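Q: Below you'll find data-v3.tsv; it's TSV, C-alpha atoms.
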chain	number	residue	atom	x	y	z
A	699	MET	CA	-21.10	14.04	-12.71
A	700	LYS	CA	-21.07	13.00	-16.33
A	701	ALA	CA	-19.86	9.50	-17.11
A	702	GLU	CA	-17.29	10.94	-19.51
A	703	VAL	CA	-15.72	12.95	-16.65
A	704	LEU	CA	-15.30	9.81	-14.57
A	705	ARG	CA	-13.84	7.92	-17.54
A	706	GLN	CA	-11.45	10.79	-18.29
A	707	LEU	CA	-10.25	10.78	-14.66
A	708	ALA	CA	-9.58	7.03	-14.83
A	709	SER	CA	-7.66	7.49	-18.07
A	710	ASP	CA	-5.62	10.43	-16.70
A	711	LEU	CA	-4.58	8.37	-13.67
A	712	ALA	CA	-3.56	5.46	-15.91
A	713	GLN	CA	-1.37	7.86	-17.91
A	714	ARG	CA	0.07	9.47	-14.75
A	715	ARG	CA	-1.36	12.88	-15.64
A	716	ALA	CA	-2.16	15.19	-12.71
A	717	VAL	CA	-5.67	16.67	-12.82
A	718	VAL	CA	-8.02	18.62	-10.56
A	719	LEU	CA	-11.77	18.07	-10.65
A	720	ALA	CA	-13.49	21.33	-9.77
A	721	SER	CA	-17.08	20.96	-8.57
A	722	ASP	CA	-19.15	24.12	-8.25
A	723	LEU	CA	-21.36	23.21	-5.29
A	724	LYS	CA	-23.94	25.86	-6.15
A	725	SER	CA	-24.33	25.57	-9.92
A	726	GLY	CA	-23.43	21.87	-10.12
A	727	ALA	CA	-20.87	22.54	-12.88
A	728	ARG	CA	-17.95	20.09	-13.12
A	729	GLN	CA	-14.65	20.88	-14.77
A	730	LEU	CA	-11.36	19.01	-15.21
A	731	ILE	CA	-8.34	21.29	-14.91
A	732	TYR	CA	-4.86	20.33	-16.06
A	733	PRO	CA	-1.91	22.26	-14.61
A	734	GLU	CA	0.06	22.13	-17.86
A	735	THR	CA	-2.68	23.77	-19.96
A	736	GLY	CA	-3.64	26.33	-17.31
A	737	LYS	CA	-7.06	26.57	-18.91
A	738	GLY	CA	-10.27	27.21	-16.99
A	739	LEU	CA	-10.97	28.91	-13.65
A	740	ALA	CA	-8.10	31.33	-14.26
A	741	HIS	CA	-8.87	33.22	-11.04
A	742	LEU	CA	-8.24	30.01	-9.04
A	743	GLN	CA	-4.98	29.10	-10.77
A	744	ASN	CA	-2.81	29.68	-7.67
A	745	LEU	CA	-5.13	27.75	-5.38
A	746	ILE	CA	-5.22	24.88	-7.86
A	747	ALA	CA	-1.41	24.82	-8.07
A	748	ASP	CA	-1.19	24.80	-4.25
A	749	ALA	CA	-3.71	21.97	-3.99
A	750	LEU	CA	-1.72	19.85	-6.45
A	751	ARG	CA	1.61	20.56	-4.77
A	752	SER	CA	0.35	19.76	-1.27
A	753	ASP	CA	-1.80	16.88	-2.58
A	754	ARG	CA	-4.74	18.26	-0.59
A	755	SER	CA	-8.31	18.46	-1.77
A	756	GLY	CA	-10.67	21.04	-0.28
A	757	ILE	CA	-13.31	23.73	-0.68
A	758	VAL	CA	-12.40	27.23	-1.83
A	759	ASP	CA	-14.76	30.13	-1.24
A	760	THR	CA	-15.34	32.36	-4.25
A	761	PRO	CA	-17.70	35.32	-4.70
A	762	GLU	CA	-19.90	32.97	-6.76
A	763	GLY	CA	-20.03	30.34	-4.03
A	764	GLU	CA	-18.14	27.26	-2.86
A	765	ILE	CA	-16.00	25.26	-5.26
A	766	PHE	CA	-14.59	21.88	-4.26
A	767	LEU	CA	-11.17	21.13	-5.73
A	768	ASN	CA	-10.50	17.40	-5.82
A	769	VAL	CA	-6.83	16.68	-6.50
A	770	PHE	CA	-5.97	13.61	-8.53
A	771	ASN	CA	-2.21	13.33	-8.55
A	772	PRO	CA	-0.64	10.39	-10.40
A	773	PRO	CA	-0.63	7.21	-8.31
A	774	LEU	CA	2.36	6.73	-6.01
A	775	ARG	CA	5.02	4.41	-7.35
A	776	MET	CA	7.89	2.56	-5.69
A	777	ILE	CA	10.82	1.21	-7.63
A	778	ILE	CA	12.61	-1.49	-5.67
A	779	VAL	CA	16.10	-2.30	-6.92
A	780	GLY	CA	17.01	-5.75	-5.64
A	781	ALA	CA	14.61	-8.69	-5.75
A	782	VAL	CA	15.82	-9.71	-2.29
A	783	HIS	CA	14.06	-11.11	0.77
A	784	ALA	CA	13.24	-7.69	2.25
A	785	ALA	CA	11.74	-6.70	-1.12
A	786	GLN	CA	9.36	-9.66	-0.89
A	787	SER	CA	7.94	-8.08	2.29
A	788	LEU	CA	8.18	-4.45	1.20
A	789	ALA	CA	6.48	-4.88	-2.18
A	790	PRO	CA	3.07	-6.12	-0.93
A	791	MET	CA	3.12	-3.68	2.02
A	792	ALA	CA	3.76	-0.75	-0.33
A	793	GLN	CA	0.95	-1.93	-2.59
A	794	ILE	CA	-1.48	-1.96	0.33
A	795	ALA	CA	-0.32	1.59	1.15
A	796	GLY	CA	-1.30	2.68	-2.37
A	797	PHE	CA	1.96	2.38	-4.32
A	798	SER	CA	2.35	0.53	-7.57
A	799	VAL	CA	5.58	-1.43	-7.34
A	800	ILE	CA	8.22	-2.23	-9.93
A	801	ILE	CA	11.03	-4.67	-9.11
A	802	VAL	CA	14.36	-4.17	-10.89
A	803	ASP	CA	17.15	-6.75	-10.63
A	804	PRO	CA	19.46	-8.02	-13.40
A	805	ARG	CA	19.95	-11.32	-11.52
A	806	GLU	CA	17.35	-13.53	-13.12
A	807	ALA	CA	17.46	-16.06	-10.31
A	808	PHE	CA	16.12	-13.36	-7.95
A	809	ALA	CA	13.77	-11.46	-10.26
A	810	THR	CA	11.22	-14.23	-10.79
A	811	ALA	CA	7.44	-14.18	-10.95
A	812	GLU	CA	7.42	-16.93	-8.33
A	813	ARG	CA	9.09	-14.65	-5.81
A	814	PHE	CA	7.06	-11.59	-6.90
A	815	PRO	CA	3.72	-12.88	-8.17
A	816	ASP	CA	1.85	-9.55	-7.98
A	817	GLN	CA	4.50	-7.06	-9.08
A	818	GLU	CA	5.90	-5.79	-12.33
A	819	ILE	CA	9.42	-7.22	-12.76
A	820	MET	CA	12.25	-5.86	-14.90
A	821	ALA	CA	15.12	-8.37	-14.97
A	822	THR	CA	17.67	-5.91	-16.38
A	823	TRP	CA	20.37	-3.56	-15.11
A	824	PRO	CA	19.09	-0.36	-13.47
A	825	ASP	CA	20.79	1.97	-15.97
A	826	GLU	CA	18.78	0.25	-18.67
A	827	ALA	CA	15.50	-0.24	-16.77
A	828	LEU	CA	15.14	3.10	-14.94
A	829	PRO	CA	15.15	5.48	-17.93
A	830	LYS	CA	12.38	3.34	-19.42
A	831	ILE	CA	10.27	3.72	-16.27
A	832	GLY	CA	10.78	7.47	-16.07
A	833	PHE	CA	10.85	9.17	-12.68
A	834	ASP	CA	8.44	11.85	-11.51
A	835	ALA	CA	7.66	13.55	-8.21
A	836	ARG	CA	5.24	10.74	-7.25
A	837	THR	CA	7.92	8.06	-7.60
A	838	CYS	CA	10.42	6.80	-5.00
A	839	LEU	CA	13.41	4.49	-5.30
A	840	VAL	CA	14.61	1.96	-2.77
A	841	ALA	CA	17.95	0.22	-3.40
A	842	LEU	CA	18.22	-3.08	-1.54
A	843	THR	CA	20.77	-5.31	-3.27
A	844	HIS	CA	23.83	-4.41	-1.08
A	845	ASP	CA	25.75	-4.83	-4.34
A	846	PRO	CA	27.49	-1.62	-5.46
A	847	LYS	CA	27.54	-2.86	-9.06
A	848	ILE	CA	23.72	-2.75	-9.07
A	849	ASP	CA	22.72	-0.17	-6.42
A	850	ASP	CA	25.18	2.53	-7.54
A	851	LEU	CA	23.81	2.50	-11.09
A	852	ALA	CA	20.27	3.00	-9.76
A	853	LEU	CA	21.24	5.73	-7.30
A	854	ALA	CA	23.14	7.68	-9.95
A	855	VAL	CA	19.97	7.84	-12.08
A	856	ALA	CA	17.67	8.59	-9.14
A	857	VAL	CA	19.63	11.51	-7.64
A	858	ALA	CA	19.39	13.36	-10.98
A	859	SER	CA	15.60	12.87	-11.12
A	860	PRO	CA	12.64	14.65	-9.43
A	861	CYS	CA	11.66	11.49	-7.47
A	862	PHE	CA	10.47	12.29	-3.92
A	863	TYR	CA	12.51	9.74	-1.97
A	864	ILE	CA	15.71	7.75	-2.46
A	865	GLY	CA	16.92	5.20	0.08
A	866	ALA	CA	19.73	2.66	0.12
A	867	LEU	CA	20.21	-0.36	2.39
A	868	GLY	CA	23.48	-0.73	4.28
A	869	SER	CA	25.20	0.34	7.49
A	870	SER	CA	26.56	3.85	8.10
A	871	ARG	CA	30.01	2.61	7.08
A	872	THR	CA	28.69	1.03	3.89
A	873	HIS	CA	26.79	4.22	3.16
A	874	ALA	CA	29.87	6.41	3.67
A	875	ALA	CA	31.84	4.22	1.25
A	876	ARG	CA	28.95	4.41	-1.22
A	877	LEU	CA	28.86	8.21	-1.09
A	878	GLU	CA	32.61	8.31	-1.67
A	879	ARG	CA	32.33	6.03	-4.72
A	880	LEU	CA	29.47	8.06	-6.22
A	881	ALA	CA	31.32	11.34	-5.57
A	882	GLY	CA	34.25	9.79	-7.45
A	883	HIS	CA	31.96	9.50	-10.45
A	884	GLY	CA	31.44	13.24	-10.35
A	885	ILE	CA	28.03	13.34	-8.61
A	886	ALA	CA	27.57	16.62	-6.72
A	887	PRO	CA	27.27	16.59	-2.89
A	888	ASP	CA	23.79	18.18	-2.87
A	889	ARG	CA	22.53	15.32	-5.04
A	890	LEU	CA	24.21	12.67	-2.88
A	891	ALA	CA	22.61	14.25	0.19
A	892	ARG	CA	19.21	13.17	-1.18
A	893	ILE	CA	20.00	9.51	-0.48
A	894	HIS	CA	18.58	8.23	2.81
A	895	GLY	CA	21.14	5.88	4.29
A	896	PRO	CA	21.07	3.83	6.35
A	897	ILE	CA	17.55	3.36	5.02
A	898	GLY	CA	14.44	3.36	7.21
A	899	LEU	CA	13.15	4.80	10.49
A	900	ASP	CA	14.77	3.56	13.70
A	901	ILE	CA	12.13	1.19	15.05
A	902	GLY	CA	14.61	-1.49	16.08
A	903	ALA	CA	13.62	-3.59	13.06
A	904	ARG	CA	14.69	-7.24	13.10
A	905	GLY	CA	14.60	-9.32	9.95
A	906	PRO	CA	13.34	-8.53	6.44
A	907	THR	CA	9.68	-7.92	7.33
A	908	GLU	CA	10.35	-5.37	10.06
A	909	ILE	CA	12.98	-3.68	7.89
A	910	ALA	CA	10.25	-3.34	5.25
A	911	VAL	CA	8.00	-1.65	7.86
A	912	SER	CA	10.76	0.83	8.74
A	913	ILE	CA	11.45	1.62	5.07
A	914	LEU	CA	7.78	2.16	4.23
A	915	ALA	CA	7.38	4.37	7.33
A	916	GLU	CA	10.30	6.54	6.21
A	917	VAL	CA	8.95	6.81	2.67
A	918	VAL	CA	5.55	7.97	4.00
A	919	ALA	CA	7.20	10.44	6.41
A	920	VAL	CA	9.17	12.03	3.57
A	921	LEU	CA	6.10	12.06	1.32
A	922	ARG	CA	3.86	13.76	3.90
A	923	ARG	CA	6.33	15.86	5.89
A	924	GLY	CA	9.10	16.41	3.39
A	925	VAL	CA	11.86	15.63	5.88
A	926	VAL	CA	12.68	13.04	8.53
A	927	ARG	CA	14.02	14.15	11.89
A	928	THR	CA	17.63	13.01	12.19
A	929	GLU	CA	17.20	11.59	15.70
A	930	SER	CA	14.73	9.06	14.33
A	931	LYS	CA	17.29	7.59	11.96
A	932	ILE	CA	18.98	4.28	12.61
A	933	GLY	CA	22.30	4.74	14.41
A	934	ALA	CA	25.61	3.38	13.20
A	935	ALA	CA	25.36	-0.35	12.60
B	920	MET	CA	-9.21	-0.24	1.01
B	921	SER	CA	-8.22	3.41	1.15
B	922	GLY	CA	-10.71	6.00	-0.07
B	923	ARG	CA	-8.40	6.87	-2.95
B	924	ASP	CA	-7.11	3.46	-3.89
B	925	ARG	CA	-5.60	3.65	-7.39
B	926	THR	CA	-7.89	0.82	-8.53
B	927	LEU	CA	-11.06	2.74	-7.61
B	928	LEU	CA	-11.70	4.85	-10.73
B	929	PRO	CA	-10.85	2.05	-13.19
B	930	ALA	CA	-13.28	-0.16	-11.25
B	931	ALA	CA	-15.99	2.53	-11.45
B	932	ALA	CA	-15.40	2.87	-15.21
B	933	ALA	CA	-15.76	-0.91	-15.50
B	934	TRP	CA	-19.12	-0.71	-13.69
B	935	LEU	CA	-20.27	1.85	-16.29
B	936	ASP	CA	-19.07	-0.51	-19.04
B	937	GLU	CA	-21.31	-3.19	-17.57
B	938	GLY	CA	-24.24	-0.79	-17.83
B	939	ARG	CA	-24.58	-0.36	-14.07
B	940	LYS	CA	-26.06	2.90	-12.77
B	941	ILE	CA	-23.80	4.49	-10.21
B	942	ALA	CA	-23.42	7.40	-7.84
B	943	VAL	CA	-20.23	8.97	-6.51
B	944	ALA	CA	-19.87	10.19	-2.92
B	945	THR	CA	-16.94	12.56	-2.28
B	946	VAL	CA	-15.76	13.81	1.11
B	947	ILE	CA	-15.65	17.60	0.58
B	948	GLY	CA	-14.95	18.68	4.14
B	949	THR	CA	-13.81	17.19	7.44
B	950	TRP	CA	-13.62	18.48	11.00
B	951	GLY	CA	-11.88	16.90	13.97
B	952	SER	CA	-10.69	13.33	13.74
B	953	ALA	CA	-12.41	12.27	10.52
B	954	PRO	CA	-10.66	9.12	9.28
B	955	GLN	CA	-10.79	9.84	5.53
B	956	PRO	CA	-9.42	13.11	4.12
B	957	ALA	CA	-11.30	15.43	1.75
B	958	GLY	CA	-11.28	13.97	-1.73
B	959	SER	CA	-11.97	10.40	-0.58
B	960	LEU	CA	-14.44	8.61	-2.82
B	961	LEU	CA	-17.15	6.02	-2.42
B	962	ILE	CA	-18.72	4.58	-5.58
B	963	ILE	CA	-22.17	3.00	-5.22
B	964	ASP	CA	-24.34	1.10	-7.71
B	965	ALA	CA	-28.12	0.72	-7.87
B	966	ASP	CA	-27.94	-2.66	-6.14
B	967	GLY	CA	-26.12	-1.21	-3.13
B	968	ASN	CA	-22.69	-2.58	-4.06
B	969	PHE	CA	-19.95	-0.13	-3.12
B	970	ILE	CA	-16.20	0.39	-3.44
B	971	GLY	CA	-13.95	2.92	-1.73
B	972	SER	CA	-14.65	4.70	1.54
B	973	VAL	CA	-15.73	8.04	2.96
B	974	SER	CA	-15.42	7.43	6.69
B	975	GLY	CA	-13.69	4.21	7.57
B	976	GLY	CA	-17.01	2.41	7.92
B	977	CYS	CA	-19.02	4.79	10.14
B	978	VAL	CA	-21.50	6.28	7.68
B	979	GLU	CA	-21.06	4.12	4.57
B	980	GLY	CA	-24.33	2.26	5.17
B	981	GLU	CA	-26.27	5.52	5.35
B	982	VAL	CA	-24.55	6.97	2.26
B	983	VAL	CA	-25.19	3.80	0.25
B	984	MET	CA	-28.89	4.08	1.17
B	985	GLU	CA	-29.03	7.78	0.22
B	986	ALA	CA	-27.29	6.91	-3.05
B	987	GLN	CA	-30.21	4.73	-4.11
B	988	GLY	CA	-32.47	7.79	-4.07
B	989	VAL	CA	-29.89	9.90	-5.90
B	990	ILE	CA	-29.46	7.29	-8.66
B	991	LYS	CA	-33.26	7.22	-9.13
B	992	SER	CA	-33.88	10.97	-8.97
B	993	GLY	CA	-30.70	12.12	-10.76
B	994	GLU	CA	-30.34	14.91	-8.18
B	995	THR	CA	-27.13	15.84	-6.42
B	996	LYS	CA	-27.18	16.07	-2.61
B	997	ILE	CA	-24.88	17.30	0.12
B	998	LEU	CA	-24.87	15.17	3.27
B	999	GLU	CA	-23.50	16.18	6.63
B	1000	TYR	CA	-22.60	13.92	9.52
B	1001	GLY	CA	-21.25	15.07	12.85
B	1002	VAL	CA	-21.34	14.21	16.52
B	1003	ALA	CA	-23.73	17.05	17.27
B	1004	ASP	CA	-26.21	15.47	14.92
B	1005	GLU	CA	-28.59	12.93	16.45
B	1006	THR	CA	-28.45	10.74	13.32
B	1007	ALA	CA	-24.68	10.69	13.35
B	1008	TRP	CA	-24.74	8.72	16.59
B	1009	LYS	CA	-27.26	6.39	15.08
B	1010	VAL	CA	-25.09	5.67	12.07
B	1011	GLY	CA	-22.03	5.52	14.27
B	1012	LEU	CA	-19.73	8.46	13.55
B	1013	ALA	CA	-18.39	8.17	17.06
B	1014	CYS	CA	-14.82	9.16	16.23
B	1015	GLY	CA	-15.52	12.74	17.33
B	1016	GLY	CA	-15.21	14.09	13.81
B	1017	ALA	CA	-17.63	15.53	11.32
B	1018	ILE	CA	-17.79	15.16	7.57
B	1019	ARG	CA	-19.55	16.77	4.64
B	1020	ILE	CA	-20.20	14.61	1.58
B	1021	LEU	CA	-21.13	15.48	-2.00
B	1022	LEU	CA	-23.35	12.71	-3.37
B	1023	GLU	CA	-24.01	12.81	-7.10
B	1024	PRO	CA	-25.36	10.49	-9.77
B	1025	VAL	CA	-23.15	9.61	-12.73
B	1026	THR	CA	-25.16	10.54	-15.78
B	1027	GLY	CA	-24.89	10.44	-19.54
B	1028	GLU	CA	-24.81	6.70	-20.15
B	1029	GLY	CA	-28.05	4.75	-20.23
B	1030	SER	CA	-29.76	7.42	-18.15
Show this structure as structure tokens.

A:
Amino acid sequence: MKAEVLRQLASDLAQRRAVVLASDLKSGARQLIYPETGKGLAHLQNLIADALRSDRSGIVDTPEGEIFLNVFNPPLRMIIVGAVHAAQSLAPMAQIAGFSVIIVDPREAFATAERFPDQEIMATWPDEALPKIGFDARTCLVALTHDPKIDDLALAVAVASPCFYIGALGSSRTHAARLERLAGHGIAPDRLARIHGPIGLDIGARGPTEIAVSILAEVVAVLRRGVVRTESKIGAA
Amino acid sequence: MSGRDRTLLPAAAAWLDEGRKIAVATVIGTWGSAPQPAGSLLIIDADGNFIGSVSGGCVEGEVVMEAQGVIKSGETKILEYGVADETAWKVGLACGGAIRILLEPVTGEGS
């Protein structure tokens, strides 16, 4: 592999650009393929698109020999709205699991570098912060403030975006009231149905740290499986 | 650290900046209960330092050793480890899986 290929890969990841590195195992040729340009290896275009969508690398057999397609999707990203106690547990856990984490909370007393030493912090309202971040299919949003003034703004932006997961903290009753409020703002039911609430897998979580485990587990389940079985959701609180 | 930690490629680029000679090992195929999926990367330098992972610790030592030869010779290699293979037991791939690894030098800078 040429050094410039490795440097280009690092730069693409930093810019959140999806790329596939095709390695011809017989000839030794290496090629970077970008889905948006569609250039190169035209006969493998469908396989390359599949590999990107499923986030799976693997060998494809061609008449000329084996080609290894290594998928480099943009890094996973978690936006946590609410610089609350559970966020202090969730943020480092998500980072270990491979997510970059951004904390959004307009309450400056919460959104401090002391409470979140290793995370990017945006101490502004979600409707201002989120458009700046920009959502893509490798981004998820977790709303944890309990405060409709803050969470609702974030959820309204997220449901209209291609982000892969949206979750909101609160009991079934709180969640029902939330959905009613958002519907009152003219948000369509199919968009509201994207919000996971009550948030997290039902693991009997107690306290902020275990709640963080259940949230991260649900995020991974949706990322890898696409859906979460309803019987594994937390019951009415 | 996961085999595809987001810090891995920037770290490898930084090694190149420092003038270190490196090799990249990529898992290109897995069978059975291999712990790292295809696409996982291990970056190795000429002093045997390494970042990333191809197997969760089972064959890293062996791959790092092979990498020294690859960095010197400039030749790409394909390595295979599996339970049926006598050496696999020696290097400890006891998880019941098998893996195939592409090991290649990074060329074009100071080489």

Q: Considering all atoms listed in the file, can you say which of B:Gln987, B:Asn968, B:Ser974, B:Thr1026 comes closest to B:Pro954?

A: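 The closest residue to B:Pro954 is B:Ser974.
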
Q: Figure out the distance between atom CA of A:Val799 and atom CA of A:Leu880, please, to one decimal in Å.

A: 25.7 Å

Q: B:Leu998, B:Ile990, B:Val983, B:Ala930: which is nearest B:Val946, counting only C-alpha atoms?

A: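 Selected residue with least distance to B:Val946: B:Leu998.
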
Q: Write down, as an mmCIF file with C-alpha atoms, keeping the file's coordinate frame, each residue of chain A that has any atom within 7 Å of an atom of chain B, counting only C-alpha atoms.

A:
data_model
loop_
_atom_site.group_PDB
_atom_site.id
_atom_site.type_symbol
_atom_site.label_atom_id
_atom_site.label_comp_id
_atom_site.auth_asym_id
_atom_site.auth_seq_id
_atom_site.Cartn_x
_atom_site.Cartn_y
_atom_site.Cartn_z
ATOM 1 C CA MET A 699 -21.100 14.040 -12.710
ATOM 2 C CA LYS A 700 -21.070 13.000 -16.330
ATOM 3 C CA ALA A 701 -19.860 9.500 -17.110
ATOM 4 C CA LEU A 704 -15.300 9.810 -14.570
ATOM 5 C CA ARG A 705 -13.840 7.920 -17.540
ATOM 6 C CA ALA A 708 -9.580 7.030 -14.830
ATOM 7 C CA SER A 755 -8.310 18.460 -1.770
ATOM 8 C CA GLY A 756 -10.670 21.040 -0.280
ATOM 9 C CA ILE A 757 -13.310 23.730 -0.680
ATOM 10 C CA PHE A 766 -14.590 21.880 -4.260
ATOM 11 C CA ASN A 768 -10.500 17.400 -5.820
ATOM 12 C CA PRO A 773 -0.630 7.210 -8.310
ATOM 13 C CA GLY A 796 -1.300 2.680 -2.370
#

Q: Identify which of the residues A:Gly763, A:Pro804, A:Gly726, A:Pro846 lies closest to A:Leu877, counting all atoms listed in the file when measuring atom-to-atom distances.

A: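 Counting all atoms listed in the file, the residue closest to A:Leu877 is A:Pro846.
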
Q: Can you list every residue of stretch 759-872 of chain A that has an atom at most 8 Å from stretch 907-928 of chain A, with its nearest atom pair and the distance in Å to one decimal, using only C-alpha atoms, ordered by chain then number, as a Markdown table?

A:
| residue | atom | partner | partner_atom | distance |
| --- | --- | --- | --- | --- |
| A:Ala784 | CA | A:Ala910 | CA | 6.1 |
| A:Ala785 | CA | A:Ala910 | CA | 7.4 |
| A:Ser787 | CA | A:Thr907 | CA | 5.3 |
| A:Leu788 | CA | A:Ala910 | CA | 4.7 |
| A:Met791 | CA | A:Leu914 | CA | 7.8 |
| A:Ala792 | CA | A:Leu914 | CA | 6.7 |
| A:Cys838 | CA | A:Val917 | CA | 7.8 |
| A:Phe862 | CA | A:Leu921 | CA | 6.8 |
| A:Tyr863 | CA | A:Val917 | CA | 6.5 |

Q: Nearest to A:Ile731: which of A:Asn771, A:Ser870, A:Ser752, A:Thr760 is it, counting only C-alpha atoms?

A: A:Asn771

Q: List the spatial neighbours of stretch 851-855 of chain A as a PyMOL selection string - criterion: any atom at most 12 Å away, all atoms listed in the file, same-chain residues fewer than 6 positions off excluded.

A: chain A and resi 777-780+802-804+822-833+838-845+861+863-867+873+876-877+879-886+889-895

Q: Between atom CA of B:Asp964 and atom CA of B:Lys940, what is the distance, to one decimal in Å?

A: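 Result for atom CA of B:Asp964 versus atom CA of B:Lys940: 5.6 Å, one decimal.
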
Q: Need the shell around A:Asp759: protein/DNA/RNA residues with any atom at most 12 Å away, counting all atoms listed in the file. Skip same-chain ones fewer than 4 positions apart. Format as a PDB file with C-alpha atoms, keeping the file's coordinate frame?

A:
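Final file, around.pdb:
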ATOM      1  CA  SER A 721     -17.080  20.960  -8.570  1.00  0.00           C
ATOM      2  CA  ASP A 722     -19.150  24.120  -8.250  1.00  0.00           C
ATOM      3  CA  LEU A 723     -21.360  23.210  -5.290  1.00  0.00           C
ATOM      4  CA  LYS A 724     -23.940  25.860  -6.150  1.00  0.00           C
ATOM      5  CA  HIS A 741      -8.870  33.220 -11.040  1.00  0.00           C
ATOM      6  CA  LEU A 742      -8.240  30.010  -9.040  1.00  0.00           C
ATOM      7  CA  LEU A 745      -5.130  27.750  -5.380  1.00  0.00           C
ATOM      8  CA  GLY A 763     -20.030  30.340  -4.030  1.00  0.00           C
ATOM      9  CA  GLU A 764     -18.140  27.260  -2.860  1.00  0.00           C
ATOM     10  CA  ILE A 765     -16.000  25.260  -5.260  1.00  0.00           C
ATOM     11  CA  PHE A 766     -14.590  21.880  -4.260  1.00  0.00           C
ATOM     12  CA  LEU A 767     -11.170  21.130  -5.730  1.00  0.00           C
TER      13      LEU A 767
END

Q: Distance atom CA of A:Lys847-atom CA of A:Ser859, one decimal place?

A: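 Result for atom CA of A:Lys847 versus atom CA of A:Ser859: 19.9 Å, one decimal.
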
Q: Choose the residue, out of A:Arg775, A:Arg904, A:Arg751, A:Arg728, that has the smallest atom-to-atom separation from A:Glu702; count only C-alpha atoms.

A: A:Arg728
